[in-house]
Structures are given as C-alpha cells and as structure tokens.
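Asker: Below is upload_4.cif; it holds mmCIF, C-alpha atoms.
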```cif
data_model
#
loop_
_atom_site.label_atom_id
_atom_site.label_comp_id
_atom_site.auth_asym_id
_atom_site.auth_seq_id
_atom_site.Cartn_x
_atom_site.Cartn_y
_atom_site.Cartn_z
CA MET A 1 60.47 44.79 122.55
CA ASP A 2 58.44 47.97 122.41
CA GLU A 3 58.93 50.52 119.67
CA LEU A 4 60.52 53.18 121.86
CA THR A 5 63.16 50.90 123.39
CA PHE A 6 63.91 49.53 119.94
CA ARG A 7 64.44 53.00 118.48
CA ARG A 8 66.47 54.21 121.40
CA THR A 9 68.81 51.24 121.16
CA ILE A 10 69.29 51.67 117.42
CA TYR A 11 69.83 55.42 117.73
CA ALA A 12 72.45 54.88 120.41
CA ASP A 13 74.28 52.22 118.43
CA PRO A 14 73.21 51.32 114.90
CA ASN A 15 75.68 48.45 114.89
CA THR A 16 74.26 46.85 118.00
CA THR A 17 74.25 43.07 118.21
CA ASP A 18 71.71 42.97 121.04
CA PRO A 19 69.76 39.72 120.42
CA ASP A 20 66.44 41.32 121.47
CA VAL A 21 66.90 44.05 118.88
CA VAL A 22 67.88 41.57 116.19
CA LYS A 23 64.83 39.45 116.94
CA ALA A 24 62.46 42.44 117.02
CA ALA A 25 63.70 43.53 113.58
CA LYS A 26 63.31 40.04 112.21
CA ASP A 27 59.70 39.86 113.40
CA ASP A 28 58.66 43.27 112.17
CA PRO A 29 59.61 44.56 108.68
CA SER A 30 58.87 48.17 109.64
CA LYS A 31 61.40 47.92 112.45
CA GLN A 32 63.95 46.46 110.05
CA ALA A 33 63.26 49.31 107.63
CA PHE A 34 63.84 51.85 110.39
CA TRP A 35 67.10 50.13 111.29
CA ASP A 36 68.26 50.18 107.66
CA ASP A 37 67.42 53.89 107.50
CA ILE A 38 69.56 54.70 110.50
CA LYS A 39 72.42 52.57 109.20
CA ALA A 40 72.29 54.50 105.93
CA LEU A 41 72.31 57.78 107.85
CA ASP A 42 75.36 56.58 109.79
CA ALA A 43 77.19 55.73 106.59
CA GLN A 44 76.47 59.29 105.40
CA MET A 45 77.63 60.73 108.69
CA ILE A 46 80.89 58.77 108.57
CA ALA A 47 81.53 60.00 105.03
CA ALA A 48 80.73 63.57 106.03
CA ALA A 49 82.93 63.36 109.13
CA SER A 50 85.97 62.23 107.15
CA ILE A 51 87.46 65.63 106.45
CA PRO A 52 90.69 65.86 104.45
CA VAL A 53 93.98 65.71 106.34
CA PRO A 54 96.59 68.43 105.60
CA ASP A 55 99.23 67.52 103.01
CA ASN A 56 102.32 65.77 104.33
CA PHE A 57 100.89 65.76 107.83
CA ALA A 58 102.35 62.36 108.76
CA GLU A 59 105.83 63.43 107.58
CA LYS A 60 105.53 66.59 109.60
CA LEU A 61 104.69 64.67 112.78
CA ILE A 62 107.64 62.37 112.22
CA LEU A 63 110.01 65.24 111.48
CA ARG A 64 109.02 67.18 114.61
CA GLN A 65 109.63 64.22 116.83
CA GLY A 66 113.03 63.73 115.20
CA MET A 67 114.10 67.30 115.94
CA ASP A 68 112.92 67.04 119.52
CA GLU A 69 114.69 63.72 120.04
CA PHE A 70 117.91 65.06 118.61
CA SER A 71 118.10 68.05 120.94
CA GLN A 72 117.28 65.94 123.98
CA HIS A 73 119.89 63.29 123.34
CA ARG A 74 122.61 65.76 122.59
CA LYS A 75 122.12 67.26 126.05
CA LYS A 76 121.58 64.39 128.43
CA ARG A 77 123.45 61.36 127.20
CA PRO A 78 127.12 60.38 126.97
CA TRP A 79 128.81 61.10 123.70
CA TYR A 80 128.50 57.62 122.23
CA VAL A 81 124.75 57.55 122.85
CA ALA A 82 124.44 60.97 121.27
CA MET A 83 126.45 59.60 118.37
CA ALA A 84 124.16 56.58 118.07
CA ALA A 85 121.10 58.78 118.30
CA SER A 86 122.59 60.97 115.62
CA VAL A 87 123.25 57.98 113.41
CA ALA A 88 119.65 56.93 113.82
CA MET A 89 118.59 60.45 113.06
CA VAL A 90 120.74 60.71 109.99
CA VAL A 91 119.40 57.44 108.70
CA SER A 92 115.81 58.46 109.27
CA ILE A 93 115.92 62.15 108.52
CA GLY A 94 119.38 63.18 107.51
CA TYR A 95 120.63 65.99 109.72
CA MET A 96 124.38 65.60 109.69
CA THR A 97 124.86 69.36 109.75
CA LEU A 98 123.69 69.56 113.35
CA LEU A 99 126.77 68.05 114.94
CA ALA A 100 128.22 71.33 116.07
CA GLY A 101 129.79 72.11 119.43
CA ASP A 102 127.83 72.43 122.63
CA ASN A 103 126.36 75.88 122.68
CA GLY A 104 122.82 75.20 123.93
CA LEU A 105 120.02 77.29 122.57
CA ALA A 106 122.06 79.00 119.84
CA ASN A 107 122.94 75.63 118.32
CA ASP A 108 119.35 74.53 118.33
CA VAL A 109 118.47 77.77 116.63
CA PHE A 110 121.09 77.05 113.95
CA ALA A 111 119.75 73.53 113.57
CA HIS A 112 116.30 74.88 112.90
CA VAL A 113 117.66 77.25 110.29
CA SER A 114 119.53 74.58 108.31
CA HIS A 115 118.59 74.42 104.64
CA GLU A 116 117.07 71.00 104.96
CA TYR A 117 114.90 71.91 107.90
CA VAL A 118 113.75 75.20 106.43
CA ASN A 119 113.04 73.61 103.07
CA LYS A 120 110.89 70.95 104.70
CA GLU A 121 108.99 73.58 106.65
CA ILE A 122 108.34 75.54 103.49
CA MET A 123 107.39 72.44 101.57
CA MET A 124 104.79 71.69 104.20
CA SER A 125 103.50 75.21 104.46
CA SER A 126 100.65 76.35 102.24
CA GLY A 127 102.64 79.41 101.13
CA ASN A 128 101.88 82.87 102.44
CA VAL A 129 100.87 82.84 106.08
CA SER A 130 98.25 85.40 107.08
CA THR A 131 98.73 87.74 110.02
CA GLU A 132 95.54 86.30 111.45
CA SER A 133 96.91 82.78 111.63
CA ILE A 134 100.19 84.07 113.06
CA ASN A 135 98.27 85.83 115.79
CA LYS A 136 96.38 82.68 116.67
CA LYS A 137 99.75 81.11 117.36
CA MET A 138 101.12 84.25 119.03
CA ALA A 139 98.37 83.96 121.64
CA THR A 140 100.44 81.20 123.26
CA PHE A 141 103.07 83.84 124.04
CA ASN A 142 100.53 86.45 124.99
CA GLY A 143 101.71 88.56 122.08
CA GLN A 144 100.57 90.02 118.82
CA LEU A 145 101.88 90.90 115.40
CA SER A 146 100.35 94.18 114.35
CA ASP A 147 102.47 95.31 111.43
CA GLU A 148 104.03 93.96 108.23
CA ILE A 149 107.37 92.25 108.73
CA GLY A 150 107.70 90.89 105.20
CA ASN A 151 106.55 87.86 103.28
CA ILE A 152 106.08 85.10 105.89
CA VAL A 153 106.23 81.77 104.08
CA SER A 154 105.91 79.46 107.06
CA ALA A 155 104.95 79.69 110.75
CA ASN A 156 105.03 76.74 113.08
CA TYR A 157 105.70 75.83 116.67
CA CYS A 158 108.99 74.09 117.24
CA TYR A 159 111.09 73.09 120.18
CA LEU A 160 114.38 74.87 120.80
CA ASP A 161 116.19 72.98 123.47
CA LYS A 162 112.84 71.80 124.86
CA ILE A 163 111.44 75.34 124.87
CA LYS A 164 108.31 75.76 122.85
CA SER A 165 108.83 78.52 120.33
CA LEU A 166 107.12 79.91 117.27
CA HIS A 167 109.31 79.69 114.18
CA MET A 168 108.51 81.99 111.26
CA ILE A 169 110.36 81.90 107.98
CA ILE A 170 110.46 85.16 106.09
CA LYS A 171 111.45 85.59 102.49
CA GLY A 172 114.05 88.34 102.31
CA GLU A 173 115.65 89.86 99.23
CA LYS A 174 118.85 87.91 99.64
CA GLY A 175 117.53 84.70 101.14
CA LEU A 176 115.38 83.24 103.86
CA ILE A 177 115.45 84.63 107.37
CA SER A 178 114.09 82.89 110.44
CA LEU A 179 112.40 84.60 113.34
CA PHE A 180 111.69 82.77 116.60
CA VAL A 181 109.51 83.87 119.49
CA VAL A 182 110.42 82.26 122.84
CA PRO A 183 109.37 82.99 126.42
CA ASP A 184 112.10 85.13 128.02
CA SER A 185 112.06 83.16 131.27
CA GLU A 186 113.48 80.14 129.46
CA SER A 187 116.00 81.76 127.17
CA LYS A 188 118.11 83.88 129.49
CA ASP A 189 121.44 82.33 128.54
CA LEU A 190 121.17 83.29 124.87
CA LYS A 191 123.56 86.04 123.81
CA GLU A 192 122.31 89.15 122.06
CA ASP A 193 124.58 88.51 119.09
CA PHE A 194 125.73 85.09 118.03
CA SER A 195 127.00 83.54 114.82
CA ASN A 196 128.70 80.58 113.21
CA ASP A 197 130.53 80.25 109.88
CA GLU A 198 127.44 80.87 107.81
CA LEU A 199 124.75 82.38 109.97
CA THR A 200 124.32 85.54 111.96
CA GLY A 201 121.77 85.86 114.69
CA ASN A 202 120.63 88.38 117.21
CA SER A 203 118.09 88.34 119.97
CA PHE A 204 116.29 91.00 121.93
CA LEU A 205 113.72 91.22 124.64
CA LEU A 206 110.20 92.57 124.18
CA GLU A 207 108.41 92.55 127.55
CA SER A 208 107.82 88.88 128.35
CA ALA A 209 109.18 87.35 125.17
CA LYS A 210 112.45 87.09 123.37
CA ILE A 211 112.68 87.49 119.62
CA ILE A 212 115.50 85.70 117.80
CA VAL A 213 116.35 86.59 114.20
CA VAL A 214 118.76 84.41 112.21
CA GLY A 215 119.88 84.42 108.60
CA GLU A 216 122.83 84.32 106.24
CA ASN A 217 122.86 88.00 105.40
CA ALA A 218 123.84 90.13 108.40
CA ALA A 219 122.33 93.32 106.96
CA GLU A 220 118.97 91.68 106.39
CA VAL A 221 119.01 90.13 109.85
CA SER A 222 119.58 93.51 111.42
CA GLN A 223 116.91 95.12 109.23
CA LEU A 224 114.32 92.48 110.19
CA SER A 225 115.22 92.86 113.87
CA LYS A 226 114.48 96.60 113.64
CA THR A 227 111.14 95.96 111.96
CA ALA A 228 110.21 93.22 114.44
CA LYS A 229 110.91 95.46 117.43
CA VAL A 230 108.02 97.66 116.35
CA ALA A 231 105.73 95.09 114.78
CA PHE A 232 105.43 92.71 117.73
CA THR A 233 103.78 93.68 120.98
CA PHE A 234 103.51 91.65 124.17
CA MET B 1 138.07 54.57 118.17
CA PHE B 2 134.67 52.96 118.30
CA SER B 3 135.88 49.48 119.21
CA ARG B 4 135.52 49.83 122.97
CA ASN B 5 131.97 51.05 122.85
CA LYS B 6 130.88 49.41 119.68
CA LYS B 7 128.50 46.99 121.33
CA ALA B 8 126.79 49.54 123.53
CA SER B 9 126.57 51.96 120.69
CA SER B 10 125.03 49.56 118.22
CA SER B 11 122.48 48.19 120.68
CA VAL B 12 121.38 51.70 121.62
CA SER B 13 121.14 52.51 117.98
CA THR B 14 119.03 49.42 117.37
CA ASP B 15 116.69 50.36 120.22
CA MET B 16 116.36 53.86 118.82
CA MET B 17 115.62 52.50 115.40
CA LYS B 18 112.99 50.17 116.82
CA LYS B 19 111.31 52.98 118.71
CA GLN B 20 111.50 55.19 115.65
CA LYS B 21 109.94 52.49 113.47
CA ARG B 22 107.21 51.89 116.00
CA TYR B 23 106.47 55.61 116.21
CA GLU B 24 106.39 56.02 112.45
CA ALA B 25 103.99 53.10 112.12
CA LEU B 26 101.76 54.66 114.77
CA VAL B 27 101.77 58.04 113.01
CA LYS B 28 101.04 56.53 109.62
CA ALA B 29 98.22 54.33 110.88
CA LEU B 30 96.45 56.84 113.10
CA HIS B 31 97.35 60.44 112.22
CA ALA B 32 94.34 60.88 109.92
CA ASP B 33 91.80 59.61 112.48
CA ILE B 34 93.38 61.63 115.25
CA PHE B 35 93.46 64.81 113.14
CA ARG B 36 89.83 64.38 112.13
CA TYR B 37 88.81 63.83 115.71
CA ALA B 38 90.73 66.96 116.71
CA MET B 39 88.97 68.95 114.00
CA TRP B 40 85.54 67.89 115.23
CA LEU B 41 86.53 68.63 118.78
CA ILE B 42 88.24 71.98 118.19
CA LYS B 43 86.72 73.22 114.91
CA ASP B 44 89.77 75.26 113.98
CA LYS B 45 92.30 73.83 111.58
CA ALA B 46 95.37 75.67 112.86
CA ILE B 47 94.66 74.87 116.51
CA ALA B 48 93.70 71.28 115.69
CA GLU B 49 97.01 70.80 113.86
CA ASP B 50 98.96 72.20 116.79
CA VAL B 51 97.15 70.06 119.32
CA VAL B 52 97.72 66.94 117.21
CA GLN B 53 101.43 67.81 116.96
CA GLU B 54 101.64 68.15 120.73
CA THR B 55 99.74 64.89 121.10
CA PHE B 56 102.16 62.92 118.95
CA LEU B 57 105.17 64.56 120.57
CA ARG B 58 103.90 63.42 123.97
CA ALA B 59 103.12 60.00 122.53
CA TRP B 60 106.72 59.72 121.34
CA LYS B 61 108.05 60.69 124.75
CA SER B 62 106.03 58.04 126.54
CA LEU B 63 105.89 55.47 123.77
CA ASP B 64 107.33 52.82 126.09
CA SER B 65 104.23 53.03 128.27
CA LEU B 66 102.06 51.85 125.38
CA LYS B 67 102.21 48.09 125.86
CA ASP B 68 99.53 47.00 123.48
CA GLU B 69 99.31 48.42 119.96
CA ALA B 70 95.59 47.60 119.91
CA ALA B 71 95.05 50.22 122.63
CA ALA B 72 96.90 52.91 120.68
CA LYS B 73 93.78 54.68 119.44
CA SER B 74 92.24 55.26 122.84
CA TRP B 75 95.67 56.04 124.30
CA LEU B 76 96.16 58.82 121.72
CA ILE B 77 92.66 60.18 122.22
CA THR B 78 93.32 60.37 125.97
CA ILE B 79 96.49 62.38 125.29
CA LEU B 80 94.72 64.57 122.75
CA ARG B 81 91.87 65.43 125.10
CA ARG B 82 94.34 66.29 127.85
CA GLU B 83 96.39 68.47 125.49
CA ASN B 84 93.22 70.21 124.35
CA ALA B 85 92.13 70.84 127.94
CA ARG B 86 95.55 72.35 128.67
CA ARG B 87 94.81 75.12 126.17
CA PHE B 88 92.13 76.40 128.49
CA GLU B 89 94.29 76.14 131.58
CA ARG B 90 96.90 78.48 130.20
CA LYS B 91 95.49 81.76 131.26
CA GLN B 92 97.44 83.74 128.70
CA PHE B 93 95.64 81.80 125.98
CA ASP B 94 93.39 84.67 125.26
CA LEU B 95 90.91 82.97 123.01
CA VAL B 96 87.19 83.37 122.68
CA ASP B 97 85.14 80.45 123.94
CA ILE B 98 85.47 77.83 121.28
CA ASP B 99 81.72 77.25 121.12
CA ASP B 100 81.22 80.86 120.15
CA VAL B 101 82.97 80.13 116.89
CA ALA B 102 80.65 77.25 116.17
CA VAL B 103 80.74 77.64 112.41
CA PRO B 104 83.98 76.14 111.13
CA ASP B 105 85.63 77.64 108.09
CA PRO B 106 84.14 75.59 105.23
CA LYS B 107 87.54 75.63 103.49
CA ASP B 108 89.02 73.71 106.42
CA PHE B 109 86.65 70.88 105.79
CA GLY B 110 87.47 70.55 102.10
CA ASP B 111 85.22 70.29 99.09
CA VAL B 112 82.21 68.10 99.53
CA THR B 113 78.82 67.43 98.12
CA LEU B 114 75.96 69.61 99.24
CA GLU B 115 74.49 66.72 101.21
CA HIS B 116 77.66 66.20 103.20
CA ARG B 117 78.08 69.90 103.77
CA GLU B 118 74.61 70.00 105.28
CA LEU B 119 75.34 67.02 107.53
CA ARG B 120 78.63 68.57 108.59
CA ARG B 121 76.89 71.77 109.50
CA ILE B 122 74.36 69.89 111.58
CA MET B 123 76.98 67.67 113.27
CA SER B 124 79.24 70.58 114.09
CA GLY B 125 76.22 72.40 115.51
CA LEU B 126 75.67 69.66 118.10
CA SER B 127 76.74 70.65 121.57
CA GLU B 128 80.06 69.20 122.68
CA GLU B 129 78.50 66.72 125.10
CA TYR B 130 76.73 65.07 122.16
CA ARG B 131 79.32 65.71 119.46
CA GLU B 132 82.24 64.11 121.29
CA PRO B 133 80.72 60.70 122.02
CA LEU B 134 79.22 60.62 118.53
CA MET B 135 82.60 61.25 116.89
CA MET B 136 84.24 58.68 119.15
CA GLN B 137 81.69 56.19 117.93
CA ILE B 138 81.57 56.94 114.20
CA LEU B 139 85.12 58.19 113.55
CA MET B 140 87.14 56.17 116.03
CA GLY B 141 84.89 53.11 116.22
CA PHE B 142 84.83 53.12 120.03
CA SER B 143 82.33 50.97 121.90
CA GLY B 144 79.94 52.39 124.48
CA ASP B 145 82.25 51.14 127.24
CA GLU B 146 85.32 52.76 125.68
CA ILE B 147 83.51 56.08 125.28
CA ALA B 148 82.31 55.89 128.89
CA GLU B 149 85.89 55.40 130.04
CA GLN B 150 87.26 58.27 127.92
CA LEU B 151 84.61 60.72 129.06
CA ASN B 152 84.51 59.44 132.60
CA LEU B 153 80.77 58.86 132.44
CA ASN B 154 78.68 55.78 133.04
CA LYS B 155 77.65 53.79 130.01
CA ASN B 156 73.93 54.59 130.32
CA THR B 157 74.69 58.30 130.13
CA VAL B 158 76.83 57.72 127.06
CA MET B 159 74.12 55.70 125.32
CA THR B 160 71.56 58.38 126.12
CA ARG B 161 73.80 61.06 124.64
CA LEU B 162 74.39 59.00 121.51
CA PHE B 163 70.65 58.50 121.16
CA ARG B 164 70.02 62.22 121.55
CA ALA B 165 72.79 63.11 119.12
CA ARG B 166 71.27 61.01 116.33
CA ASN B 167 67.80 62.13 117.27
CA GLN B 168 68.82 65.78 116.90
CA ILE B 169 70.55 65.11 113.59
CA ARG B 170 67.50 63.33 112.25
CA GLU B 171 65.19 66.05 113.38
CA ALA B 172 67.39 68.69 111.80
CA LEU B 173 67.42 66.76 108.53
CA THR B 174 63.69 66.08 108.39
CA GLY B 175 62.99 69.62 109.54
CA GLU B 176 64.85 70.90 106.53
CA GLN B 177 63.01 68.58 104.20
CA THR B 178 59.71 69.84 105.51
CA THR B 179 60.77 73.44 105.00
CA GLY B 180 61.86 72.55 101.48
CA ALA B 181 58.50 71.00 100.72
CA GLN B 182 56.67 74.05 102.00
CA VAL B 183 58.73 76.33 99.82
CA ASN B 184 58.03 74.16 96.82
CA GLY B 185 54.33 73.93 97.64
#
```
Please express what this file holds, its structure, as structure tokens.
Answerer:
Amino acid sequence: MDELTFRRTIYADPNTTDPDVVKAAKDDPSKQAFWDDIKALDAQMIAAASIPVPDNFAEKLILRQGMDEFSQHRKKRPWYVAMAASVAMVVSIGYMTLLAGDNGLANDVFAHVSHEYVNKEIMMSSGNVSTESINKKMATFNGQLSDEIGNIVSANYCYLDKIKSLHMIIKGEKGLISLFVVPDSESKDLKEDFSNDELTGNSFLLESAKIIVVGENAAEVSQLSKTAKVAFTF
Amino acid sequence: MFSRNKKASSSVSTDMMKKQKRYEALVKALHADIFRYAMWLIKDKAIAEDVVQETFLRAWKSLDSLKDEAAAKSWLITILRRENARRFERKQFDLVDIDDVAVPDPKDFGDVTLEHRELRRIMSGLSEEYREPLMMQILMGFSGDEIAEQLNLNKNTVMTRLFRARNQIREALTGEQTTGAQVNG
C-alpha cells in the first residue's frame, strides 16, 4: 500500500480495520508511528469535543415531555384515560393540581404557573436572564423586548395546549409573575381577563402576538401588563 | 366507581408507564451526546438547547416508531437535523447566517485546558461540510456508512470529507507550532 493511500485511509478513519492498512503498518514502523499519532490526535479531539451539558438537562427534557403529554391527553381521550394518564403523570412528576375543569388555554396557563412547575423552571434556570437571550427566543415570534420589564428569572419555550409559547418568570415585589408570548392566530379563544381561586390573568394583543400575564397579585399583574405593552414590539 | 373500567384504566396506565420509562431511559442515555452534537452543529448554547428540547419532544411523540433501541442514536440525530433545518425555513426567524457567528462563546464550552481550547477553536472553524461528518464520527461513533446515510451522500464523499477535516486540523496545529518556533527563535 502506498504512503498516500495509507495516510488517506487513516485520516478518514483512525479506527479502521482494513486488513491492507493493518498489514502496511505492521511492515513499516514509520507507518505505525503515523497511525499512533493520528489516534492520539483523535483522543484529544474527542476530549475537546465533549463540552459540558447544562445542569439538570435530562430532568428538563423529561419534565417538558410530561407537560406536553398531560395537556394532550386531557383534550383528546375519554375521562378514564385522562385519569390514567394523570395517575402516570402524578407518579412520575407529581402534578395533581392540574385537574381543573375544561377551560382550554387558560387552564394550561394556570398549570404552567403552578408552584411546582415554576419552581422547577427557576431551579433549572441560571438566574437572571439577559435581554439578549430573551430576544434570541423572541425571534421565533418575530418580536423584540426593548425595555426593562423587571427581574426575569427564567425564560423558556413551553407548550400551552400544543401552542408553542415563550414563558418568562418575573420576580415581582409580592411574588412571581408569569408572562407568556403566544402567536395570536392560535390563541383567539382566550379571554382578556380570566382567573381561578388563586390566580389572576389577563391577555392582550400586540400586532401578531398575544401576551398573557398571570400571577397571584392582581395589582402586580396589571402593572406588568402595562409595562409589557410598551416594552414588547412585534 | 372505577370497577367497570378498572381493567382498561390500569392497562392504559401500564402502557403509559412503559412508554414513560422507555423515554426516560432514552433521555438519560443519549441527552449528553445529542446536546454536544447540537452545540457543534449550531454553535449557540441557547439555540442548541431549544433544538434539543424540540428533538426530544418529537421523539416522545413518535417513540412507538423506534423499533430497535440500538438505532436510537441515529434516529435522534435525524430528528435533530430536521428540527435544525426547520429554523431556517421559518422566514420570521430573523437570524444572521449561523456561519457568520463562527466563534462560539467560550463560556458555553466550559473551562478547559489551553490545548483543548485551541483544538475546539480549530474544530469549530471547520466548514460545516467537514465539521458535521467529523462530529458524527468522533462524538456519535457513527460508521462511514451511517454518516453517508445521515448526510445523504455516498460513502466515498464522506471518507474524503473526513480525510480533509483531519488534514485541515493537523495543518492548523502544525502551522501554529511553526509560528511558535519562529517567535521563540
């Protein structure tokens, strides 16, 4: 085997088992040395390529799927299947609080604002989220955040009733407030004001997107809505 | 009140649990490799994370179509590449060409030795047509045939690209050594 073919084969696959290559290396120590060199380089490359994975990333992937599964089953299946799915969910993740009545998008919003869900999001977030990284995510909605809306402690995509939305959690003075951005075309049936026993929410349209603000304190929710109306542009 | 539907309910629940277990095993075994691959493909941590989330969500939805666990890696990479391509289809995704931001944020890649940092810089500087097959080979452990199938190329083309990728890396490394020697001399 000539030198060039030998080198090409090794470069293309340092772990080759091609008998011609193996024989050539056996017959010629300089070829074997070259092969060893490239294997060492590959080991270095593999080490250098193994970048660290974000904290709790596996848990996050499992949690997201669980939320998505829950909203799908509640919609499509008969009640006993939904119940079984919920049981499975509760066993694996523990979201008993989600078994509210059937109120579509608003209920999914409430589910995503539950203490457990929000706490997990925050736990997995690195803390303060920069406007720059928000705007990277806002690009999906063809929008932009150009002003301060408060201390954003987490920002992540999530699925509200199968609609992809951006969920931001903002630290208010009296508690945490959630702000969702959803495409308007898919959220028409959501009321402007909605609430349950604990939470107050309101939604408003900004060009092509709908902003939903939800929290425990009605005054803070309304304050954040006012700020958001000016701070987001689409 | 459950007696009438008890059987149906518990078998559905068992199926769900099985699927859930299978999914969790898949995530635990492969999320790190898939994330790393996404990082080398996309070079932006936030976008890579999002694309991997989408990938696993799709994987969950069509988990039943994965018959053989041994094929899971290439199955996920197929989904990931499709999800990544979809970013460019969405016209509202008003991003600069990803190759224009060729220098990844060093923080995203974690703390490493100087040597590794240098190699990372060189590897991430490779053009995508060389970088992708190389990462499939060294990160995912794909064979030439598997890479050819993923990239929809013939195997000879793949082997040529792999050869050129390593050739470029070697040249970049020795080039730097030469420069170093000249400075010292």
Asker: Find, counting only C-alpha atoms, the residue in A:Gly172, A:Gly201, A:Gly215, A:Pro52 that gets nearest to chain B.
Answerer: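 Closest residue, counting only C-alpha atoms: A:Pro52.
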Asker: Starting from the PyMOL selection byres ((chain A) within 7 of (chain B)), expand the selection into actual residues of this file and give them as a PyMOL selection string.
Answerer: chain A and resi 8+11-12+45-46+48-53+58+61-62+65+80-81+84-85+88+139-140+142
Asker: Hey, what comes out of the PyMOL selection byres ((chain A and resi 195) around 12) on this file? Could you write it as a PDB file with C-alpha atoms, in the frame of the given file?
Answerer:
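File produced: part.pdb:
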```pdb
ATOM      1  CA  ASN A 103     126.360  75.880 122.680  1.00  0.00           C
ATOM      2  CA  ALA A 106     122.060  79.000 119.840  1.00  0.00           C
ATOM      3  CA  ASN A 107     122.940  75.630 118.320  1.00  0.00           C
ATOM      4  CA  VAL A 109     118.470  77.770 116.630  1.00  0.00           C
ATOM      5  CA  PHE A 110     121.090  77.050 113.950  1.00  0.00           C
ATOM      6  CA  LEU A 190     121.170  83.290 124.870  1.00  0.00           C
ATOM      7  CA  LYS A 191     123.560  86.040 123.810  1.00  0.00           C
ATOM      8  CA  GLU A 192     122.310  89.150 122.060  1.00  0.00           C
ATOM      9  CA  ASP A 193     124.580  88.510 119.090  1.00  0.00           C
ATOM     10  CA  PHE A 194     125.730  85.090 118.030  1.00  0.00           C
ATOM     11  CA  ASN A 196     128.700  80.580 113.210  1.00  0.00           C
ATOM     12  CA  ASP A 197     130.530  80.250 109.880  1.00  0.00           C
ATOM     13  CA  GLU A 198     127.440  80.870 107.810  1.00  0.00           C
ATOM     14  CA  LEU A 199     124.750  82.380 109.970  1.00  0.00           C
ATOM     15  CA  THR A 200     124.320  85.540 111.960  1.00  0.00           C
ATOM     16  CA  GLY A 201     121.770  85.860 114.690  1.00  0.00           C
ATOM     17  CA  ASN A 202     120.630  88.380 117.210  1.00  0.00           C
ATOM     18  CA  SER A 203     118.090  88.340 119.970  1.00  0.00           C
ATOM     19  CA  VAL A 213     116.350  86.590 114.200  1.00  0.00           C
ATOM     20  CA  VAL A 214     118.760  84.410 112.210  1.00  0.00           C
ATOM     21  CA  GLY A 215     119.880  84.420 108.600  1.00  0.00           C
ATOM     22  CA  GLU A 216     122.830  84.320 106.240  1.00  0.00           C
ATOM     23  CA  ASN A 217     122.860  88.000 105.400  1.00  0.00           C
ATOM     24  CA  ALA A 218     123.840  90.130 108.400  1.00  0.00           C
ATOM     25  CA  VAL A 221     119.010  90.130 109.850  1.00  0.00           C
TER      26      VAL A 221
END
```
Asker: Between A:Asp28, A:Asp42, A:Asp2, A:Glu207, which is the closest to Gly143 in chain A once you count all atoms listed in the file?
Answerer: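 Checking each of A:Asp28, A:Asp42, A:Asp2, A:Glu207 against Gly143 in chain A, counting all atoms listed in the file, the winner is A:Glu207.
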Asker: I want to know what sits within 10 Å of Lys60 in chain A, based on only C-alpha atoms, with residues of the same chain fewer than 6 positions away left out; could you give that as a PyMOL selection string?
Answerer: (chain A and resi 54+66+120-121+124) or (chain B and resi 27+53)
Asker: Can you spell out as a VMD selection string the set of residues that the PyMOL selection byres ((chain A and resi 154) around 10) selects in the structure I just provided?
Answerer: chain A and resid 118 121 to 130 134 151 to 153 155 to 156 167 to 171 178
Asker: Take the selection from the previous step and output its residues with C-alpha atoms, as a PDB file, in the coordinates of the input.
Answerer:
```
ATOM      1  CA  VAL A 118     113.750  75.200 106.430  1.00  0.00           C
ATOM      2  CA  GLU A 121     108.990  73.580 106.650  1.00  0.00           C
ATOM      3  CA  ILE A 122     108.340  75.540 103.490  1.00  0.00           C
ATOM      4  CA  MET A 123     107.390  72.440 101.570  1.00  0.00           C
ATOM      5  CA  MET A 124     104.790  71.690 104.200  1.00  0.00           C
ATOM      6  CA  SER A 125     103.500  75.210 104.460  1.00  0.00           C
ATOM      7  CA  SER A 126     100.650  76.350 102.240  1.00  0.00           C
ATOM      8  CA  GLY A 127     102.640  79.410 101.130  1.00  0.00           C
ATOM      9  CA  ASN A 128     101.880  82.870 102.440  1.00  0.00           C
ATOM     10  CA  VAL A 129     100.870  82.840 106.080  1.00  0.00           C
ATOM     11  CA  SER A 130      98.250  85.400 107.080  1.00  0.00           C
ATOM     12  CA  ILE A 134     100.190  84.070 113.060  1.00  0.00           C
ATOM     13  CA  ASN A 151     106.550  87.860 103.280  1.00  0.00           C
ATOM     14  CA  ILE A 152     106.080  85.100 105.890  1.00  0.00           C
ATOM     15  CA  VAL A 153     106.230  81.770 104.080  1.00  0.00           C
ATOM     16  CA  ALA A 155     104.950  79.690 110.750  1.00  0.00           C
ATOM     17  CA  ASN A 156     105.030  76.740 113.080  1.00  0.00           C
ATOM     18  CA  HIS A 167     109.310  79.690 114.180  1.00  0.00           C
ATOM     19  CA  MET A 168     108.510  81.990 111.260  1.00  0.00           C
ATOM     20  CA  ILE A 169     110.360  81.900 107.980  1.00  0.00           C
ATOM     21  CA  ILE A 170     110.460  85.160 106.090  1.00  0.00           C
ATOM     22  CA  LYS A 171     111.450  85.590 102.490  1.00  0.00           C
ATOM     23  CA  SER A 178     114.090  82.890 110.440  1.00  0.00           C
TER      24      SER A 178
END
```
Asker: CA of Arg7 in chain A to CA of Leu126 in chain B: how many Å, to one decimal?
Answerer: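 Separating CA of Arg7 in chain A from CA of Leu126 in chain B is a distance of 20.1 Å.
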Asker: Counting all atoms listed in the file, which residues come within 12 Å of (58.6, 42.4, 126.3), with the point read in the file's coordinates, and could you list them as a VMD selection string?
Answerer: chain A and resid 1 to 6 20 to 21 23 to 24
Asker: Show me, as number ranges by chain, the residues that have an atom within 12 Å of Pro183 in chain A when counting all atoms listed in the file, minus same-chain residues fewer than 6 positions from it.
Answerer: A: 138, 140-143, 159-160, 162-166, 190, 204-212, 234
Asker: For range 218-227 of chain A, take all atoms listed in the file, fit an axis-aligned box around them, add 6 Å to each of the six sides, then output centre and edge lengths in Å rounded to one decimal, as AutoDock Vina command-line options.
Answerer:
```
--center_x 117.5 --center_y 93.4 --center_z 110.1 --size_x 24.7 --size_y 18.5 --size_z 19.5
```
Asker: To one decimal in Å, tell me the separation between CA of Ile42 in chain B and CA of Arg81 in chain B.
Answerer: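 Separating CA of Ile42 in chain B from CA of Arg81 in chain B is a distance of 10.2 Å.
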Asker: Please indicate the distance in Å from CA of Gln150 in chain B to CA of Pro133 in chain B, rounded to one decimal place.
Answerer: 9.1 Å
Asker: Counting all atoms listed in the file, what is within 12 Å of Asp36 in chain A, bar same-chain residues fewer than 5 positions away, as a PyMOL selection string?
Answerer: chain A and resi 7+10-11+14-15+25+29-31+41-43
